[in-house]
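Data block for input-v7.txt (compact mmCIF, C-alpha atoms and all ligand atoms):
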# COMPACT_ATOMS: atom_id res chain seq x y z
CA MET D 55 9.65 34.28 2.46
CA MET D 56 9.43 36.74 5.33
CA GLU D 57 10.22 35.40 8.77
CA PRO D 58 9.20 37.85 11.44
CA LYS D 59 10.84 37.49 14.85
CA HIS D 60 8.65 40.28 16.17
CA ALA D 61 4.93 40.05 16.86
CA ILE D 62 2.40 40.82 14.12
CA TRP D 63 -1.12 42.00 14.84
CA ILE D 64 -3.55 40.85 12.12
CA LYS D 65 -5.60 43.98 12.72
CA ASP D 66 -9.32 44.65 12.49
CA PRO D 67 -10.38 41.90 10.08
CA MET D 68 -13.66 42.20 8.20
CA ALA D 69 -14.59 38.91 9.89
CA ILE D 70 -12.75 36.14 11.71
CA LEU D 71 -13.65 32.55 12.59
CA ALA D 72 -12.98 32.92 16.32
CA GLU D 73 -14.80 34.16 19.41
CA GLY D 74 -13.53 37.33 21.14
CA ALA D 75 -11.15 38.31 18.35
CA GLU D 76 -13.14 41.12 16.69
CA ARG D 77 -9.99 43.27 16.50
CA GLY D 78 -7.87 40.37 15.29
CA VAL D 79 -5.04 38.23 16.57
CA VAL D 80 -1.39 38.69 17.50
CA VAL D 81 1.10 36.08 16.32
CA GLN D 82 4.68 35.62 17.48
CA ASN D 83 7.27 32.85 17.14
CA GLY D 84 4.91 30.75 15.06
CA ARG D 85 2.02 30.85 17.52
CA ILE D 86 -1.12 32.82 18.19
CA VAL D 87 -0.26 34.70 21.39
CA GLU D 88 -3.28 36.94 21.79
CA LEU D 89 -6.87 37.45 20.63
CA VAL D 90 -7.84 41.11 20.57
CA ALA D 91 -11.45 41.67 21.60
CA LYS D 92 -13.76 44.48 20.57
CA GLY D 93 -12.64 47.86 21.97
CA ARG D 94 -9.26 46.49 23.11
CA GLN D 95 -5.64 47.01 22.07
CA PRO D 96 -3.04 44.23 21.96
CA ALA D 97 -1.03 43.81 25.16
CA THR D 98 1.93 42.54 23.11
CA PRO D 99 3.96 45.20 21.28
CA ALA D 100 3.47 44.39 17.61
CA THR D 101 3.67 45.74 14.11
CA PHE D 102 0.39 45.28 12.33
CA PHE D 103 -1.06 43.93 9.13
CA GLU D 104 -4.18 45.86 8.18
CA ALA D 105 -6.84 43.17 7.58
CA GLY D 106 -9.91 45.34 7.05
CA ASP D 107 -10.49 43.77 3.61
CA HIS D 108 -9.93 40.20 4.81
CA VAL D 109 -11.94 37.35 6.23
CA VAL D 110 -9.62 35.35 8.49
CA LEU D 111 -9.88 31.59 8.88
CA PRO D 112 -7.67 29.05 10.62
CA GLY D 113 -5.52 27.55 7.86
CA LEU D 114 -7.48 24.75 6.18
CA ILE D 115 -6.17 21.19 6.56
CA ASN D 116 -6.36 18.62 3.78
CA THR D 117 -6.58 15.03 5.04
CA HIS D 118 -6.50 13.03 1.81
CA HIS D 119 -4.72 13.44 -1.51
CA HIS D 120 -2.56 11.73 -4.13
CA PHE D 121 -0.38 14.54 -5.46
CA TYR D 122 1.00 12.57 -8.43
CA GLN D 123 -2.50 12.34 -9.90
CA THR D 124 -2.33 15.98 -11.03
CA LEU D 125 -0.47 14.43 -13.99
CA THR D 126 -3.57 12.47 -15.05
CA ARG D 127 -6.42 14.93 -14.68
CA ALA D 128 -9.49 14.31 -16.83
CA LEU D 129 -7.77 11.44 -18.63
CA PRO D 130 -10.05 10.31 -21.47
CA ALA D 131 -9.59 6.57 -20.75
CA ALA D 132 -10.75 7.08 -17.14
CA LEU D 133 -13.75 9.34 -17.76
CA ASP D 134 -17.22 8.11 -16.80
CA ARG D 135 -15.95 5.11 -14.84
CA GLU D 136 -16.46 4.08 -11.24
CA LEU D 137 -13.58 3.27 -8.89
CA PHE D 138 -12.38 -0.20 -9.97
CA PRO D 139 -12.45 0.28 -13.77
CA TRP D 140 -11.23 3.86 -13.21
CA LEU D 141 -8.18 2.52 -11.35
CA GLN D 142 -7.60 -0.15 -13.98
CA ALA D 143 -7.56 2.53 -16.71
CA LEU D 144 -5.05 4.63 -14.76
CA TYR D 145 -2.57 2.10 -13.31
CA PRO D 146 -0.65 1.58 -16.58
CA VAL D 147 -0.24 5.36 -16.94
CA TRP D 148 0.84 5.78 -13.32
CA ALA D 149 3.39 2.99 -13.85
CA ARG D 150 5.31 5.48 -16.03
CA LEU D 151 5.71 8.01 -13.19
CA THR D 152 9.28 9.32 -12.93
CA PRO D 153 10.99 11.31 -10.16
CA GLN D 154 10.98 14.43 -12.35
CA ALA D 155 7.26 14.11 -13.12
CA LEU D 156 6.41 13.43 -9.48
CA GLU D 157 8.30 16.53 -8.36
CA LEU D 158 6.24 18.63 -10.79
CA GLY D 159 2.99 16.93 -9.80
CA VAL D 160 3.68 17.56 -6.12
CA ASN D 161 4.56 21.18 -6.81
CA VAL D 162 1.29 21.72 -8.71
CA ALA D 163 -0.80 20.01 -6.01
CA MET D 164 0.77 21.79 -3.07
CA SER D 165 0.78 25.18 -4.78
CA GLY D 166 -2.90 24.78 -5.65
CA LEU D 167 -3.68 23.84 -2.07
CA LEU D 168 -1.73 26.76 -0.58
CA LEU D 169 -3.43 29.24 -2.89
CA SER D 170 -6.81 27.87 -1.78
CA GLY D 171 -6.06 28.65 1.89
CA CYS D 172 -4.71 25.26 2.91
CA THR D 173 -1.79 25.42 5.36
CA THR D 174 -1.36 21.72 6.18
CA THR D 175 -1.79 18.82 3.82
CA THR D 176 -1.41 15.10 3.83
CA ASP D 177 -0.47 13.03 0.82
CA HIS D 178 -1.02 9.34 0.22
CA HIS D 179 1.68 8.18 -2.18
CA TYR D 180 1.40 4.48 -2.96
CA VAL D 181 2.74 4.10 -6.54
CA PHE D 182 6.38 2.99 -6.54
CA PRO D 183 7.46 1.86 -10.02
CA ALA D 184 11.17 1.04 -10.40
CA GLY D 185 13.25 4.21 -10.16
CA LEU D 186 10.82 6.04 -7.89
CA GLU D 187 12.04 4.65 -4.57
CA ASN D 188 12.62 8.16 -3.20
CA ALA D 189 9.07 9.42 -3.78
CA VAL D 190 8.53 10.55 -0.19
CA ASP D 191 11.90 12.35 -0.09
CA ILE D 192 10.92 14.25 -3.25
CA GLU D 193 7.66 15.33 -1.59
CA VAL D 194 9.42 16.48 1.57
CA ALA D 195 11.77 18.69 -0.48
CA VAL D 196 8.88 20.43 -2.26
CA ALA D 197 6.99 21.00 1.01
CA GLN D 198 10.06 22.56 2.60
CA ARG D 199 10.60 24.82 -0.38
CA LEU D 200 7.00 26.06 -0.26
CA GLY D 201 6.92 26.38 3.55
CA MET D 202 3.84 24.18 3.83
CA ARG D 203 3.10 21.93 6.82
CA VAL D 204 2.72 18.29 5.77
CA LEU D 205 1.87 14.82 6.99
CA LEU D 206 3.17 12.69 4.12
CA THR D 207 2.34 9.03 4.11
CA ARG D 208 4.54 6.18 3.00
CA GLY D 209 1.86 4.34 1.06
CA SER D 210 2.10 0.84 -0.31
CA MET D 211 0.66 -1.79 -2.64
CA ASN D 212 1.87 -5.40 -2.74
CA ARG D 213 -1.18 -7.35 -3.94
CA SER D 214 -1.07 -7.25 -7.73
CA GLN D 215 -3.18 -9.11 -10.27
CA ARG D 216 -0.95 -12.14 -9.72
CA ASP D 217 -2.32 -12.39 -6.15
CA GLY D 218 -5.94 -11.53 -6.92
CA GLY D 219 -5.43 -7.79 -6.42
CA LEU D 220 -6.31 -4.92 -8.76
CA PRO D 221 -2.99 -3.28 -9.80
CA PRO D 222 -0.50 -4.62 -12.39
CA ASP D 223 2.78 -6.09 -11.14
CA SER D 224 4.79 -3.06 -12.34
CA VAL D 225 3.50 -0.66 -9.66
CA VAL D 226 3.74 -2.83 -6.53
CA GLN D 227 6.67 -3.62 -4.21
CA ASP D 228 7.34 -6.57 -1.92
CA GLU D 229 6.57 -6.49 1.79
CA ASP D 230 10.17 -6.38 3.02
CA THR D 231 11.05 -3.45 0.75
CA ILE D 232 7.95 -1.52 1.86
CA LEU D 233 8.53 -2.05 5.59
CA ALA D 234 12.24 -1.22 5.40
CA ASP D 235 11.54 1.98 3.47
CA SER D 236 8.73 2.90 5.89
CA GLU D 237 11.23 2.77 8.74
CA ARG D 238 13.76 4.73 6.70
CA VAL D 239 11.43 7.64 5.85
CA VAL D 240 10.11 7.90 9.43
CA ALA D 241 13.67 7.97 10.82
CA ARG D 242 14.77 10.48 8.22
CA HIS D 243 11.84 12.91 8.05
CA HIS D 244 9.33 12.54 10.91
CA GLN D 245 9.40 15.49 13.30
CA ARG D 246 7.68 15.29 16.66
CA GLY D 247 6.07 18.02 18.73
CA GLU D 248 3.74 20.94 18.11
CA GLU D 249 6.16 22.86 15.89
CA ALA D 250 6.56 19.97 13.45
CA MET D 251 6.51 20.98 9.78
CA VAL D 252 7.09 17.50 8.31
CA GLN D 253 5.55 14.33 9.65
CA ILE D 254 5.27 10.84 8.19
CA ALA D 255 2.46 8.30 8.49
CA LEU D 256 2.14 4.77 7.10
CA ALA D 257 -0.58 4.04 4.60
CA PRO D 258 -1.32 0.63 3.06
CA CYS D 259 -3.44 1.59 0.06
CA SER D 260 -6.65 -0.47 0.43
CA PRO D 261 -7.95 -3.97 1.13
CA PHE D 262 -7.84 -4.81 -2.59
CA THR D 263 -4.22 -3.75 -3.23
CA VAL D 264 -2.41 -4.89 -0.07
CA THR D 265 -1.98 -8.38 1.41
CA THR D 266 -3.23 -9.21 4.90
CA SER D 267 0.34 -9.86 5.96
CA LEU D 268 1.45 -6.36 4.94
CA MET D 269 -1.66 -4.74 6.42
CA ARG D 270 -0.91 -6.39 9.78
CA ALA D 271 2.81 -5.65 9.67
CA THR D 272 2.14 -2.00 8.82
CA THR D 273 -0.29 -1.39 11.69
CA ALA D 274 2.24 -3.00 14.04
CA LEU D 275 5.05 -0.85 12.65
CA ALA D 276 2.96 2.33 13.04
CA ASP D 277 2.40 1.36 16.70
CA ARG D 278 6.08 0.69 17.27
CA LEU D 279 7.26 3.90 15.57
CA ASP D 280 4.38 5.89 17.09
CA VAL D 281 3.23 7.42 13.80
CA ARG D 282 -0.26 7.68 12.34
CA LEU D 283 -1.89 5.13 10.06
CA HIS D 284 -4.01 5.87 6.99
CA THR D 285 -5.87 3.84 4.38
CA HIS D 286 -8.86 3.93 2.05
CA LEU D 287 -11.88 2.20 3.56
CA GLY D 288 -15.61 2.02 2.98
CA GLU D 289 -15.28 3.77 -0.39
CA THR D 290 -17.45 1.63 -2.67
CA GLU D 291 -19.90 -1.28 -2.76
CA ASN D 292 -17.33 -3.14 -4.88
CA GLU D 293 -14.89 -2.94 -1.98
CA ASN D 294 -17.48 -4.59 0.30
CA LYS D 295 -17.92 -7.37 -2.25
CA PHE D 296 -14.17 -7.81 -2.67
CA CYS D 297 -13.65 -8.04 1.10
CA GLU D 298 -16.46 -10.52 1.59
CA GLU D 299 -15.12 -12.74 -1.19
CA MET D 300 -11.41 -12.42 -0.33
CA HIS D 301 -11.51 -12.15 3.46
CA GLY D 302 -15.00 -13.40 4.40
CA CYS D 303 -15.86 -10.16 6.22
CA ARG D 304 -16.69 -6.49 5.69
CA PRO D 305 -13.92 -3.86 5.31
CA LEU D 306 -14.16 -2.57 8.89
CA ASP D 307 -13.95 -6.09 10.34
CA TYR D 308 -10.91 -6.61 8.18
CA LEU D 309 -9.27 -3.41 9.45
CA GLU D 310 -9.96 -4.49 13.02
CA GLN D 311 -8.50 -7.97 12.42
CA CYS D 312 -5.37 -6.31 11.05
CA GLY D 313 -4.97 -4.14 14.16
CA GLY D 314 -5.99 -0.83 12.59
CA LEU D 315 -9.28 0.06 14.29
CA ASN D 316 -7.99 2.60 16.81
CA ALA D 317 -7.32 6.30 17.43
CA ARG D 318 -4.06 6.20 15.46
CA THR D 319 -5.95 5.63 12.22
CA TRP D 320 -7.77 8.02 9.91
CA LEU D 321 -9.67 6.60 6.96
CA ALA D 322 -10.38 8.11 3.56
CA HIS D 323 -14.05 8.08 2.47
CA GLY D 324 -16.15 6.02 4.92
CA VAL D 325 -19.10 6.06 2.53
CA HIS D 326 -20.43 2.55 3.10
CA PHE D 327 -20.28 1.88 6.85
CA ASN D 328 -23.52 0.76 8.51
CA ALA D 329 -24.90 2.14 11.79
CA GLN D 330 -23.24 -0.51 13.93
CA GLU D 331 -19.90 0.11 12.20
CA MET D 332 -20.17 3.85 12.79
CA GLN D 333 -20.62 3.16 16.51
CA ARG D 334 -17.47 1.02 16.47
CA LEU D 335 -15.52 3.76 14.67
CA GLY D 336 -16.67 6.34 17.23
CA LYS D 337 -15.75 4.13 20.15
CA ALA D 338 -12.33 3.36 18.68
CA GLY D 339 -11.56 7.04 18.00
CA THR D 340 -10.89 6.30 14.33
CA THR D 341 -11.55 9.41 12.21
CA ILE D 342 -12.81 9.91 8.65
CA SER D 343 -11.60 12.06 5.80
CA HIS D 344 -14.70 13.04 3.85
CA CYS D 345 -13.93 13.54 0.14
CA ALA D 346 -17.13 15.01 -1.27
CA CYS D 347 -15.94 15.84 -4.81
CA SER D 348 -14.19 12.53 -5.39
CA ASN D 349 -17.15 10.52 -4.09
CA GLN D 350 -19.42 12.38 -6.48
CA VAL D 351 -17.13 12.13 -9.53
CA LEU D 352 -16.64 8.39 -9.07
CA ALA D 353 -20.30 7.94 -8.06
CA SER D 354 -19.11 6.15 -4.91
CA GLY D 355 -21.96 7.49 -2.77
CA CYS D 356 -22.32 10.01 0.05
CA CYS D 357 -20.51 9.71 3.38
CA PRO D 358 -23.18 9.92 6.13
CA VAL D 359 -21.37 12.73 7.94
CA CYS D 360 -24.09 13.71 10.44
CA ASP D 361 -24.74 10.07 11.40
CA MET D 362 -21.00 9.64 11.83
CA GLU D 363 -20.79 12.67 14.12
CA ALA D 364 -23.78 11.45 16.10
CA SER D 365 -21.86 8.21 16.60
CA GLY D 366 -18.86 10.13 17.92
CA VAL D 367 -16.77 9.97 14.75
CA VAL D 368 -14.70 13.07 13.99
CA ILE D 369 -14.89 14.22 10.35
CA GLY D 370 -12.19 16.01 8.38
CA LEU D 371 -12.12 16.98 4.70
CA GLY D 372 -9.92 15.78 1.85
CA VAL D 373 -9.72 16.84 -1.78
CA ASP D 374 -8.53 13.33 -2.77
CA GLY D 375 -6.30 12.70 -5.76
CA SER D 376 -6.40 15.01 -8.71
CA ALA D 377 -7.66 12.33 -11.03
CA SER D 378 -10.96 11.96 -9.20
CA ASN D 379 -11.58 15.57 -8.15
CA ASP D 380 -9.70 16.75 -10.46
CA GLN D 381 -8.34 19.76 -8.64
CA SER D 382 -6.57 20.59 -5.40
CA ASN D 383 -8.68 23.41 -4.00
CA LEU D 384 -9.63 22.86 -0.38
CA MET D 385 -11.84 25.96 -0.10
CA GLN D 386 -13.94 24.63 -2.96
CA GLU D 387 -14.01 21.27 -1.20
CA VAL D 388 -15.55 23.00 1.83
CA ARG D 389 -18.36 24.22 -0.42
CA ALA D 390 -18.76 20.78 -2.04
CA ALA D 391 -19.01 19.08 1.36
CA PHE D 392 -21.47 21.71 2.56
CA LEU D 393 -23.71 21.26 -0.49
CA LEU D 394 -23.61 17.45 -0.49
CA GLN D 395 -24.29 17.09 3.22
CA ARG D 396 -26.96 19.79 3.28
CA ALA D 397 -28.76 18.02 0.43
CA ARG D 398 -28.63 14.83 2.46
CA TYR D 399 -29.51 16.16 5.93
CA GLY D 400 -31.31 19.48 5.42
CA ALA D 401 -30.76 23.09 6.46
CA GLY D 402 -31.33 22.47 10.16
CA ARG D 403 -28.39 20.08 10.49
CA VAL D 404 -25.67 21.39 8.19
CA SER D 405 -24.47 25.01 8.04
CA HIS D 406 -21.50 26.67 6.37
CA LYS D 407 -19.87 26.74 9.82
CA ASP D 408 -20.06 22.95 10.04
CA ALA D 409 -18.24 22.63 6.72
CA LEU D 410 -15.55 25.07 7.88
CA ARG D 411 -15.24 23.14 11.16
CA TRP D 412 -14.70 19.87 9.28
CA ALA D 413 -11.88 21.46 7.24
CA THR D 414 -10.16 22.92 10.31
CA GLN D 415 -10.68 21.36 13.76
CA GLY D 416 -12.01 18.11 12.33
CA SER D 417 -9.11 17.71 9.93
CA ALA D 418 -6.64 18.60 12.71
CA ALA D 419 -8.02 15.72 14.78
CA CYS D 420 -7.74 13.36 11.80
CA ILE D 421 -4.03 13.99 11.54
CA GLY D 422 -3.41 14.04 15.30
CA ARG D 423 -2.49 17.75 15.45
CA PRO D 424 -4.81 19.42 18.00
CA GLU D 425 -2.52 22.48 18.01
CA LEU D 426 -3.68 23.26 14.45
CA GLY D 427 -7.06 24.14 12.96
CA GLU D 428 -8.26 26.78 15.40
CA ILE D 429 -7.74 30.47 16.09
CA ALA D 430 -7.01 30.45 19.83
CA VAL D 431 -4.14 31.44 22.12
CA GLY D 432 -1.34 28.87 22.00
CA LYS D 433 -2.38 27.37 18.66
CA ALA D 434 -0.12 27.50 15.61
CA ALA D 435 -0.11 30.74 13.61
CA ASP D 436 -1.53 29.01 10.52
CA LEU D 437 -4.03 31.39 8.94
CA ALA D 438 -5.88 31.87 5.64
CA LEU D 439 -7.05 35.36 4.68
CA PHE D 440 -9.61 35.83 1.92
CA LYS D 441 -10.73 39.01 0.21
CA LEU D 442 -14.30 39.42 -0.94
CA ASP D 443 -13.59 41.80 -3.80
CA GLU D 444 -14.37 39.53 -6.74
CA LEU D 445 -17.56 39.72 -8.77
CA ARG D 446 -18.81 36.50 -7.18
CA PHE D 447 -18.99 38.15 -3.72
CA SER D 448 -20.58 41.43 -4.74
CA GLY D 449 -23.63 42.19 -2.61
CA HIS D 450 -22.81 39.72 0.14
CA GLY D 451 -24.13 39.97 3.71
CA ASP D 452 -22.41 37.62 6.18
CA PRO D 453 -18.71 37.50 5.17
CA LEU D 454 -18.01 34.02 6.60
CA ALA D 455 -21.10 32.56 4.93
CA ALA D 456 -20.14 34.34 1.69
CA LEU D 457 -16.85 32.42 1.55
CA VAL D 458 -18.73 29.15 1.33
CA LEU D 459 -21.94 30.18 -0.42
CA CYS D 460 -20.42 32.48 -3.07
CA GLY D 461 -17.63 30.00 -3.78
CA ALA D 462 -14.34 31.44 -2.50
CA HIS D 463 -11.50 29.64 -4.24
CA ARG D 464 -8.38 31.71 -3.75
CA ALA D 465 -6.79 33.07 -0.58
CA ASP D 466 -5.18 36.52 -0.71
CA ARG D 467 -2.73 35.74 2.10
CA VAL D 468 -1.70 32.55 3.82
CA MET D 469 0.47 32.23 6.94
CA VAL D 470 2.11 28.99 8.10
CA GLY D 471 3.87 28.95 11.46
CA GLY D 472 3.92 32.76 11.48
CA ARG D 473 5.45 33.09 7.98
CA TRP D 474 3.61 34.52 5.00
CA VAL D 475 3.74 31.84 2.29
CA VAL D 476 1.08 33.42 0.05
CA ALA D 477 0.93 37.19 -0.46
CA ASP D 478 -1.39 39.09 -2.82
CA GLY D 479 -2.82 35.81 -4.08
CA ALA D 480 0.57 34.45 -5.17
CA ILE D 481 3.38 32.26 -3.86
CA PRO D 482 6.51 34.45 -3.70
CA GLY D 483 9.15 33.13 -6.10
CA LEU D 484 6.87 30.67 -7.88
CA ASP D 485 6.76 31.11 -11.66
CA VAL D 486 3.29 29.68 -12.32
CA PRO D 487 3.33 29.81 -16.16
CA ASP D 488 6.68 28.02 -16.17
CA LEU D 489 5.39 25.38 -13.74
CA ILE D 490 2.30 24.80 -15.90
CA ARG D 491 4.49 24.45 -18.99
CA ARG D 492 6.80 21.87 -17.42
CA HIS D 493 4.02 19.98 -15.61
CA SER D 494 1.88 19.79 -18.76
CA ALA D 495 4.81 18.45 -20.76
CA ALA D 496 5.49 15.77 -18.11
CA ALA D 497 1.78 14.84 -18.06
CA ARG D 498 1.67 14.55 -21.85
CA ALA D 499 4.76 12.32 -21.89
CA MET D 500 3.27 10.04 -19.21
CA GLN D 501 -0.10 9.80 -20.92
CA ALA D 502 1.46 9.11 -24.32
CA GLY D 503 3.52 6.22 -22.93
ZN ZN H 601 -7.69 8.35 -2.36
What is this structure when it is put down as structure tokens?
Ligand SMILES: [Zn+2]
Amino acid sequence: MMEPKHAIWIKDPMAILAEGAERGVVVQNGRIVELVAKGRQPATPATFFEAGDHVVLPGLINTHHHFYQTLTRALPAALDRELFPWLQALYPVWARLTPQALELGVNVAMSGLLLSGCTTTTDHHYVFPAGLENAVDIEVAVAQRLGMRVLLTRGSMNRSQRDGGLPPDSVVQDEDTILADSERVVARHHQRGEEAMVQIALAPCSPFTVTTSLMRATTALADRLDVRLHTHLGETENENKFCEEMHGCRPLDYLEQCGGLNARTWLAHGVHFNAQEMQRLGKAGTTISHCACSNQVLASGCCPVCDMEASGVVIGLGVDGSASNDQSNLMQEVRAAFLLQRARYGAGRVSHKDALRWATQGSAACIGRPELGEIAVGKAADLALFKLDELRFSGHGDPLAALVLCGAHRADRVMVGGRWVVADGAIPGLDVPDLIRRHSAAARAMQAG
């Protein structure tokens, strides 16, 4: 990885998602220090990177994922099922997850994300079979090796079938273990401040896999440790039914009762909130990770993104786990969100720029990192550069629109904190065929049992 101390001018891009930066941007010490307007030269002395063949975006930010699920993509037993039976088909396979398999799964997920132009990702890891106690530590090590910015969550499940929950006993932990490990991983890995490369959040999995006691204790712990809180909510009609039967209220009421309806929290999905609930989310400052592909694959429904925004709810994008997507390509997720929401709301309300905004500024707000997700002076030098030289782009007009409409899927260059982490469409030092070989073998072993 190259680590420039000097300034670099990303010079004369074909197009850039920023105002007043027609001649590009200058980055130094991990930040954007200058936008170079039409007809101007940089004021900062800088070497330059010729970007005439590139469309420059702020690095995309992924707000929901389960990296380990790359090991169970397109699993026959889970095909053509909706969320609850889909989970029930997968839990026994996930119970066989080992540290070695997780490391490979994380590597595949993060590499796929980076190559798609994603510079910051979250992960929601909530499966902790015996022997996998160090799951979050394994994820941190891979992120540091790849140079990717991450907000990893210490997920949890403690309501198994024994207690009326969905998962089998073998994949859950008890409340004390979960809370103690949550404190441990925050103390060990969570960095504060705008330069942070690794952050930790707490993430009880869902109302149907976590007890009320743990849900309450986790929101209180997130407050005390001052870290973000994440969970799945409003994903399916079945979840509504479960909450009404188990807790006598709807999922959002339940979250509020447990102390989680506030600006610290971002929620995955938000498909099934009603108008009054959207108002409450907006007022509370709780944000939503929209997972368009996953919601379509599992037939969960369509998150009412424009109604959410009209209610003051900030929307980010998430690819979701690679067993319900089943890939980790955030640029393709931008297109999927654009298509789904345009079909719902029409051409006058949803443009390609809205979808790009969700994946950048919106996602940055979801994870509490306003210094990311935008090309502006003082923001982090996290950039994704795409070429439009593939067959799919031939004949394009507007370069920014072409990224979304023609289906860009692979960045040519990616910069995180001023360092190039993808060059010429590849991650320096990553042997992709070897990774595929080892990851596939681990997946086969897990699926075979
Ligand atoms: Zn999920």
Hey, which residues sit close to ligand ZN 601 (chain H)? Say within 6 Å, counting all atoms listed in the file, and write them as a VMD selection string.
chain D and resid 119 374 to 375
Separation of atom CA of D:His244 from atom CA of D:Ala149 in Å:
27.2 Å
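Closest approach to D:Val281 among D:Leu437, D:Leu206, D:Leu167, D:Val325 is made by D:Leu206 (distances from only C-alpha atoms).
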A straight line from atom CA of D:Ala163 to atom CA of D:Pro261 spans 26.0 Å
Within 10 Å of (6.2, 4.5, -8.2) (coordinates as in the file), grab all the protein and nucleic acid residues, counting only C-alpha atoms, and write them out as a list of chain:residue names.
D:Tyr122, D:Trp148, D:Ala149, D:Arg150, D:Leu151, D:Thr152, D:Pro153, D:Leu156, D:His179, D:Tyr180, D:Val181, D:Phe182, D:Pro183, D:Ala184, D:Gly185, D:Leu186, D:Glu187, D:Asn188, D:Ala189, D:Ser210, D:Ser224, D:Val225, D:Val226, D:Gln227
Written file, previous selection with C-alpha atoms, as a short mmCIF file (atom, residue, chain, number, x, y, z; two decimals), in the frame of the given file:
data_model
loop_
_atom_site.label_atom_id
_atom_site.label_comp_id
_atom_site.auth_asym_id
_atom_site.auth_seq_id
_atom_site.Cartn_x
_atom_site.Cartn_y
_atom_site.Cartn_z
CA TYR D 122 1.00 12.57 -8.43
CA TRP D 148 0.84 5.78 -13.32
CA ALA D 149 3.39 2.99 -13.85
CA ARG D 150 5.31 5.48 -16.03
CA LEU D 151 5.71 8.01 -13.19
CA THR D 152 9.28 9.32 -12.93
CA PRO D 153 10.99 11.31 -10.16
CA LEU D 156 6.41 13.43 -9.48
CA HIS D 179 1.68 8.18 -2.18
CA TYR D 180 1.40 4.48 -2.96
CA VAL D 181 2.74 4.10 -6.54
CA PHE D 182 6.38 2.99 -6.54
CA PRO D 183 7.46 1.86 -10.02
CA ALA D 184 11.17 1.04 -10.40
CA GLY D 185 13.25 4.21 -10.16
CA LEU D 186 10.82 6.04 -7.89
CA GLU D 187 12.04 4.65 -4.57
CA ASN D 188 12.62 8.16 -3.20
CA ALA D 189 9.07 9.42 -3.78
CA SER D 210 2.10 0.84 -0.31
CA SER D 224 4.79 -3.06 -12.34
CA VAL D 225 3.50 -0.66 -9.66
CA VAL D 226 3.74 -2.83 -6.53
CA GLN D 227 6.67 -3.62 -4.21
#
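The shell of residues at most 9 Å from D:Lys92, with only C-alpha atoms counted and near chain neighbours (fewer than 3 positions) removed, consists of Gly74, Ala75, Glu76, Arg77, Gly78 and Gln95 of chain D.
One distance worth recording is that between atom CA of D:Leu129 and atom CA of D:Ala377, which is 7.7 Å.
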Shell of 9 Å around D:Pro305, only C-alpha atoms, local chain residues under 2 positions omitted, as a short mmCIF file (atom, residue, chain, number, x, y, z; two decimals) with C-alpha atoms, in the frame of the given file:
data_model
loop_
_atom_site.label_atom_id
_atom_site.label_comp_id
_atom_site.auth_asym_id
_atom_site.auth_seq_id
_atom_site.Cartn_x
_atom_site.Cartn_y
_atom_site.Cartn_z
CA PRO D 261 -7.95 -3.97 1.13
CA LEU D 287 -11.88 2.20 3.56
CA GLY D 288 -15.61 2.02 2.98
CA GLU D 293 -14.89 -2.94 -1.98
CA ASN D 294 -17.48 -4.59 0.30
CA PHE D 296 -14.17 -7.81 -2.67
CA CYS D 297 -13.65 -8.04 1.10
CA GLU D 298 -16.46 -10.52 1.59
CA HIS D 301 -11.51 -12.15 3.46
CA CYS D 303 -15.86 -10.16 6.22
CA ASP D 307 -13.95 -6.09 10.34
CA TYR D 308 -10.91 -6.61 8.18
CA LEU D 309 -9.27 -3.41 9.45
CA GLU D 310 -9.96 -4.49 13.02
CA PHE D 327 -20.28 1.88 6.85
#
